[in-house]
>>> print(open('protein14.cif').read())   # mmCIF, C-alpha atoms
data_input
loop_
_atom_site.label_atom_id
_atom_site.label_comp_id
_atom_site.auth_asym_id
_atom_site.auth_seq_id
_atom_site.Cartn_x
_atom_site.Cartn_y
_atom_site.Cartn_z
CA MET A 22 -71.91 -272.72 -0.64
CA SER A 23 -73.19 -275.06 2.05
CA ASN A 24 -71.19 -273.86 5.10
CA GLN A 25 -71.34 -277.42 6.44
CA ARG A 26 -68.69 -279.85 7.63
CA SER A 27 -68.78 -283.58 7.18
CA ASP A 28 -68.35 -285.41 10.48
CA THR A 29 -68.11 -288.77 8.76
CA MET A 30 -67.29 -289.69 5.17
CA MET A 31 -67.57 -293.20 3.75
CA LEU A 32 -67.28 -294.63 0.25
CA VAL A 33 -69.46 -297.68 -0.44
CA HIS A 34 -68.30 -300.06 -3.17
CA ILE A 35 -70.41 -303.00 -4.33
CA ASP A 36 -68.60 -305.75 -6.21
CA ALA A 37 -69.79 -306.50 -9.72
CA ASP A 38 -71.05 -309.92 -8.65
CA ARG A 39 -73.07 -308.26 -5.85
CA ARG A 40 -71.71 -310.72 -3.26
CA ASP A 41 -69.61 -308.26 -1.25
CA ILE A 42 -69.99 -304.68 -0.12
CA TYR A 43 -67.00 -302.64 1.00
CA VAL A 44 -67.42 -299.54 3.15
CA MET A 45 -64.28 -297.43 3.33
CA SER A 46 -64.02 -294.61 5.86
CA ILE A 47 -62.10 -291.51 4.83
CA MET A 48 -60.57 -289.56 7.70
CA ARG A 49 -62.25 -286.16 7.80
CA ASP A 50 -58.93 -284.34 8.37
CA LEU A 51 -57.17 -286.02 5.44
CA TRP A 52 -55.10 -283.38 3.62
CA VAL A 53 -56.10 -283.46 -0.04
CA PRO A 54 -56.33 -281.29 -3.15
CA ILE A 55 -59.80 -279.74 -3.35
CA PRO A 56 -60.55 -278.70 -6.94
CA GLY A 57 -60.42 -274.93 -7.31
CA ASN A 58 -59.50 -274.41 -3.66
CA GLY A 59 -55.94 -275.60 -3.19
CA THR A 60 -55.16 -278.19 -0.53
CA ALA A 61 -57.14 -278.59 2.69
CA LYS A 62 -58.86 -281.07 4.98
CA ILE A 63 -61.24 -283.16 2.91
CA ASN A 64 -64.27 -282.20 4.99
CA ALA A 65 -63.80 -278.57 3.93
CA ALA A 66 -65.09 -279.52 0.47
CA LEU A 67 -68.63 -279.71 1.81
CA ALA A 68 -68.35 -276.25 3.38
CA TRP A 69 -66.90 -274.66 0.27
CA GLY A 70 -68.93 -276.29 -2.46
CA GLY A 71 -71.57 -278.55 -0.99
CA THR A 72 -72.17 -282.06 -2.24
CA PRO A 73 -70.93 -281.43 -5.83
CA LEU A 74 -67.48 -280.33 -4.69
CA THR A 75 -67.30 -283.12 -2.12
CA VAL A 76 -68.09 -285.71 -4.77
CA LEU A 77 -65.55 -284.24 -7.18
CA THR A 78 -62.88 -284.18 -4.46
CA VAL A 79 -63.40 -287.84 -3.54
CA GLU A 80 -63.59 -288.89 -7.20
CA GLN A 81 -60.26 -287.23 -7.96
CA LEU A 82 -58.64 -288.61 -4.80
CA LEU A 83 -59.67 -292.21 -5.49
CA GLY A 84 -59.99 -292.25 -9.26
CA VAL A 85 -63.59 -293.48 -9.20
CA ARG A 86 -66.98 -292.28 -10.32
CA ILE A 87 -69.49 -291.88 -7.50
CA ASP A 88 -72.93 -292.99 -8.64
CA HIS A 89 -75.04 -291.92 -5.68
CA VAL A 90 -74.83 -289.81 -2.54
CA VAL A 91 -76.53 -290.40 0.81
CA ILE A 92 -76.41 -287.79 3.59
CA LEU A 93 -77.47 -288.65 7.12
CA ASP A 94 -77.52 -285.99 9.83
CA PHE A 95 -77.32 -286.56 13.58
CA ALA A 96 -81.07 -286.39 14.08
CA GLY A 97 -81.46 -288.86 11.24
CA LEU A 98 -79.11 -291.36 12.87
CA LYS A 99 -81.17 -291.22 16.06
CA GLY A 100 -84.41 -291.54 14.12
CA ILE A 101 -83.35 -294.55 12.06
CA THR A 102 -81.97 -296.32 15.12
CA ASN A 103 -85.23 -295.88 16.99
CA ALA A 104 -87.27 -296.79 13.91
CA ILE A 105 -85.72 -300.26 13.80
CA GLY A 106 -86.08 -300.78 17.55
CA GLY A 107 -82.44 -300.12 18.39
CA VAL A 108 -79.30 -301.74 17.10
CA ASP A 109 -76.86 -304.30 18.50
CA VAL A 110 -73.27 -303.10 18.15
CA ASP A 111 -70.07 -305.00 18.85
CA SER A 112 -67.88 -302.30 20.38
CA PRO A 113 -64.12 -302.74 19.82
CA LEU A 114 -63.40 -301.15 23.22
CA ALA A 115 -65.07 -300.38 26.52
CA PHE A 116 -65.42 -296.63 27.06
CA THR A 117 -67.49 -293.90 28.67
CA THR A 118 -68.37 -290.75 26.77
CA VAL A 119 -66.59 -287.67 28.08
CA LYS A 120 -69.58 -285.36 27.82
CA ALA A 121 -72.80 -285.81 29.81
CA PRO A 122 -74.83 -287.94 30.14
CA HIS A 123 -71.67 -290.10 30.12
CA TYR A 124 -72.94 -293.21 28.35
CA HIS A 125 -70.91 -296.33 29.11
CA PHE A 126 -70.30 -298.99 26.47
CA VAL A 127 -68.81 -302.39 27.19
CA GLN A 128 -66.34 -304.14 24.95
CA GLY A 129 -68.48 -306.52 22.92
CA LEU A 130 -72.22 -306.44 22.38
CA ASN A 131 -74.24 -303.32 23.27
CA HIS A 132 -77.90 -302.69 22.44
CA LEU A 133 -78.22 -298.99 21.58
CA ASN A 134 -81.18 -296.68 21.22
CA GLY A 135 -80.99 -293.54 19.10
CA ASP A 136 -79.33 -291.28 21.68
CA GLN A 137 -76.82 -293.96 22.62
CA ALA A 138 -76.01 -294.72 18.97
CA LEU A 139 -75.33 -291.05 18.31
CA ALA A 140 -73.08 -290.76 21.37
CA PHE A 141 -71.26 -293.96 20.37
CA ALA A 142 -70.63 -292.68 16.83
CA ARG A 143 -69.47 -289.21 17.85
CA GLU A 144 -67.12 -289.90 20.79
CA ARG A 145 -63.43 -289.23 20.20
CA TYR A 146 -62.16 -287.54 23.35
CA ALA A 147 -62.22 -290.80 25.31
CA PHE A 148 -59.52 -292.34 23.10
CA PRO A 149 -55.77 -291.75 22.76
CA THR A 150 -56.18 -292.22 19.01
CA ALA A 151 -59.15 -289.79 18.85
CA ASP A 152 -60.65 -289.77 15.34
CA TYR A 153 -59.04 -293.07 14.36
CA GLN A 154 -60.94 -294.93 17.08
CA ARG A 155 -64.09 -292.95 16.35
CA VAL A 156 -63.95 -294.14 12.74
CA ALA A 157 -63.56 -297.74 13.94
CA ASP A 158 -66.59 -297.29 16.20
CA GLN A 159 -68.61 -295.82 13.35
CA GLN A 160 -67.76 -298.86 11.27
CA ALA A 161 -68.90 -301.12 14.12
CA LEU A 162 -72.18 -299.21 14.26
CA LEU A 163 -72.63 -299.58 10.53
CA ARG A 164 -72.05 -303.33 10.76
CA GLY A 165 -74.64 -303.43 13.54
CA PHE A 166 -77.17 -301.72 11.30
CA ALA A 167 -76.38 -304.07 8.44
CA THR A 168 -76.71 -307.16 10.63
CA THR A 169 -80.06 -305.94 11.97
CA LEU A 170 -81.44 -305.21 8.50
CA ILE A 171 -80.23 -308.54 7.11
CA GLN A 172 -81.60 -310.53 10.05
CA ARG A 173 -84.98 -308.89 9.49
CA SER A 174 -84.78 -309.60 5.74
CA VAL A 175 -85.14 -305.88 5.02
CA LEU A 176 -82.67 -305.98 2.12
CA THR A 177 -84.28 -308.98 0.43
CA ASP A 178 -87.98 -308.40 1.11
CA PRO A 179 -89.36 -305.58 -1.12
CA GLY A 180 -92.20 -304.92 1.32
CA ALA A 181 -89.86 -304.64 4.28
CA MET A 182 -87.46 -302.50 2.26
CA LEU A 183 -90.30 -300.18 1.28
CA ALA A 184 -91.42 -299.81 4.89
CA PHE A 185 -87.86 -299.10 6.03
CA ALA A 186 -87.33 -296.56 3.24
CA LYS A 187 -90.48 -294.71 4.25
CA ALA A 188 -89.45 -294.71 7.91
CA ALA A 189 -85.99 -293.41 7.04
CA GLY A 190 -87.19 -291.02 4.35
CA SER A 191 -87.30 -287.90 6.52
CA ALA A 192 -83.92 -288.68 8.08
CA VAL A 193 -81.88 -289.27 4.94
CA SER A 194 -81.09 -287.08 1.94
CA VAL A 195 -80.13 -288.71 -1.35
CA ASP A 196 -79.31 -287.52 -4.84
CA SER A 197 -82.23 -287.08 -7.24
CA GLN A 198 -81.39 -290.20 -9.25
CA PHE A 199 -81.28 -292.49 -6.21
CA ASP A 200 -85.04 -292.75 -5.89
CA LEU A 201 -87.03 -295.51 -4.21
CA PRO A 202 -87.26 -297.74 -7.33
CA SER A 203 -83.48 -297.47 -7.71
CA MET A 204 -82.98 -298.44 -4.06
CA LEU A 205 -85.31 -301.42 -4.39
CA SER A 206 -83.61 -302.52 -7.60
CA LEU A 207 -80.16 -302.29 -6.00
CA ALA A 208 -81.31 -304.20 -2.91
CA ALA A 209 -82.87 -306.91 -5.07
CA SER A 210 -79.60 -307.34 -6.98
CA LEU A 211 -77.55 -308.11 -3.88
CA ARG A 212 -76.27 -311.65 -3.35
CA LEU A 213 -74.80 -311.20 0.12
CA SER A 214 -74.05 -314.23 2.27
CA GLY A 215 -75.36 -312.49 5.35
CA ALA A 216 -73.56 -309.76 7.26
CA ALA A 217 -70.23 -311.47 6.48
CA GLY A 218 -70.52 -310.00 3.00
CA ILE A 219 -70.21 -306.44 4.34
CA HIS A 220 -66.63 -305.32 4.96
CA THR A 221 -65.50 -302.10 6.63
CA PHE A 222 -62.05 -300.52 6.68
CA THR A 223 -60.35 -297.14 6.69
CA LEU A 224 -58.40 -295.62 3.83
CA PRO A 225 -54.79 -296.08 4.99
CA THR A 226 -52.94 -292.92 5.98
CA ALA A 227 -49.43 -291.90 6.98
CA GLY A 228 -50.50 -290.68 10.39
CA THR A 229 -50.94 -287.12 11.55
CA GLY A 230 -48.97 -283.97 10.95
CA THR A 231 -49.21 -280.20 10.77
CA SER A 232 -50.00 -278.12 7.71
CA ALA A 233 -47.97 -275.07 6.71
CA ASP A 234 -50.59 -272.84 8.32
CA GLY A 235 -50.55 -274.77 11.60
CA GLN A 236 -53.55 -277.08 11.25
CA SER A 237 -53.51 -280.60 12.68
CA ILE A 238 -54.04 -282.86 9.68
CA VAL A 239 -54.03 -286.49 8.56
CA LEU A 240 -51.35 -287.26 5.97
CA GLN A 241 -51.84 -289.27 2.82
CA ASP A 242 -49.98 -292.55 2.29
CA PRO A 243 -49.30 -292.34 -1.48
CA ALA A 244 -48.39 -296.02 -1.90
CA ALA A 245 -51.47 -297.25 -0.01
CA LEU A 246 -53.67 -294.77 -1.86
CA ALA A 247 -52.35 -296.09 -5.18
CA ARG A 248 -53.21 -299.66 -4.15
CA VAL A 249 -56.74 -298.63 -3.18
CA ARG A 250 -57.22 -296.76 -6.45
CA THR A 251 -56.12 -299.85 -8.40
CA ALA A 252 -58.34 -302.15 -6.34
CA LEU A 253 -61.36 -299.94 -6.93
CA ALA A 254 -60.66 -299.86 -10.66
CA THR A 255 -60.22 -303.64 -10.92
CA ASP A 256 -62.95 -304.68 -8.46
CA THR A 257 -60.39 -306.30 -6.15
CA LEU A 258 -60.97 -304.23 -3.03
CA GLY A 259 -61.01 -307.36 -0.91
CA GLU A 260 -57.25 -307.65 -1.43
CA VAL A 261 -56.58 -304.36 0.34
CA ALA A 262 -59.49 -304.07 2.76
CA GLY A 263 -58.39 -306.70 5.29
CA GLY A 264 -59.95 -306.67 8.76
CA HIS A 265 -63.73 -306.99 8.87
#
>>> encode(input="protein14.cif", output="structure tokens")
Amino acid sequence: MSNQRSDTMMLVHIDADRRDIYVMSIMRDLWVPIPGNGTAKINAALAWGGTPLTVLTVEQLLGVRIDHVVILDFAGLKGITNAIGGVDVDSPLAFTTVKAPHYHFVQGLNHLNGDQALAFARERYAFPTADYQRVADQQALLRGFATTLIQRSVLTDPGAMLAFAKAAGSAVSVDSQFDLPSMLSLAASLRLSGAAGIHTFTLPTAGTGTSADGQSIVLQDPAALARVRTALATDTLGEVAGGH
């Protein structure tokens, strides 16, 4: 039992030709079957059964096999951001964080340090759409990281990749099989055409609702979920991802 909750959950899919990477956010309050535990918000899987149950839950939801797991905590996000000298993020909206120190972000380009990046990724109270906008902001932050790493040739230069991995090592937890040689091998196999090859989107839902026991939840969209499952199985995720 881990007694943790996942603030953010993303599935990363790399096309077989290694030319495109798709990062799909999964709403943390999505109401799903959790093996051996009935139906609940998907982020409860981590609290009830740690990483193994979380992986099993996502695999059964999407009909895929998850090869590797990466866990980044809040301190890790700050550390990685500062380690690369900050990150440039294209914010979808202008907003000010509700809690002190009330960071303000403009619509468009923002250069963020670690504390600012964490505040940017966590804010939801400033938006009418709450978690939905927060997920969009997290995707924008991820694209900012990707653009920074690509511009600095981190993903294509083994030496730079090694230095980055060492800097991020204390901030990131990975599964035992996703060791440094595996990371370097995966990075070397990529054939991305710059940051344009990285696409982010959110698993479509049917909006919000209330569970039988009174919880505010995010509802599944069965038809959209079926399309995503098929796209993952046939390596055609670009047909359903849309957007970025």
>>> resolve_selection(input="protein14.cif", expression="the PyMOL selection byres ((chain A and resi 211-225) around 7)", output="list in words")
Arg39, Arg40, Asp41, Ile42, Tyr43, Val44, Met45, Ser46, Ile47, Gln160, Ala167, Thr168, Ile171, Leu207, Ala208, Ala209, Ser210, Thr226, Asp242, Ala245, Ala262, Gly264 and His265 of chain A
>>> atom_distance(input="protein14.cif", atom1="atom CA of A:Ile63", atom2="atom CA of A:Thr78")
7.6 Å
>>> residues_around(input="protein14.cif", residues="A:Leu98", least_positions_apart="5", cutoff="10 Å", atoms="only C-alpha atoms", output="list in words")
Leu93, Asn103, Ala104, Gly135, Asp136, Ala138, Leu139, Ala142, Ala189, Ala192 and Val193 of chain A
>>> atom_distance(input="protein14.cif", atom1="atom CA of A:Ala254", atom2="atom CA of A:Arg86")
9.9 Å
>>> closest_residue(input="protein14.cif", among="A:Asn64, A:Thr177, A:Gln172, A:Asn58", to="A:Ser27", atoms="all atoms listed in the file")
A:Asn64
>>> atom_distance(input="protein14.cif", atom1="atom CA of A:Ser191", atom2="atom CA of A:Gly106")
17.0 Å
>>> closest_residue(input="protein14.cif", among="A:Gly129, A:Pro202, A:Gly71, A:Pro113", to="A:Val156", atoms="all atoms listed in the file")
A:Pro113
>>> closest_residue(input="protein14.cif", among="A:His89, A:Ala147, A:Ala68, A:Leu74", to="A:Phe199", atoms="all atoms listed in the file")
A:His89
>>> residues_around(input="protein14.cif", residues="A:Pro54", least_positions_apart="4", cutoff="10 Å", atoms="all atoms listed in the file", output="PyMOL selection string")
chain A and resi 58-63+66+78-79+81-82
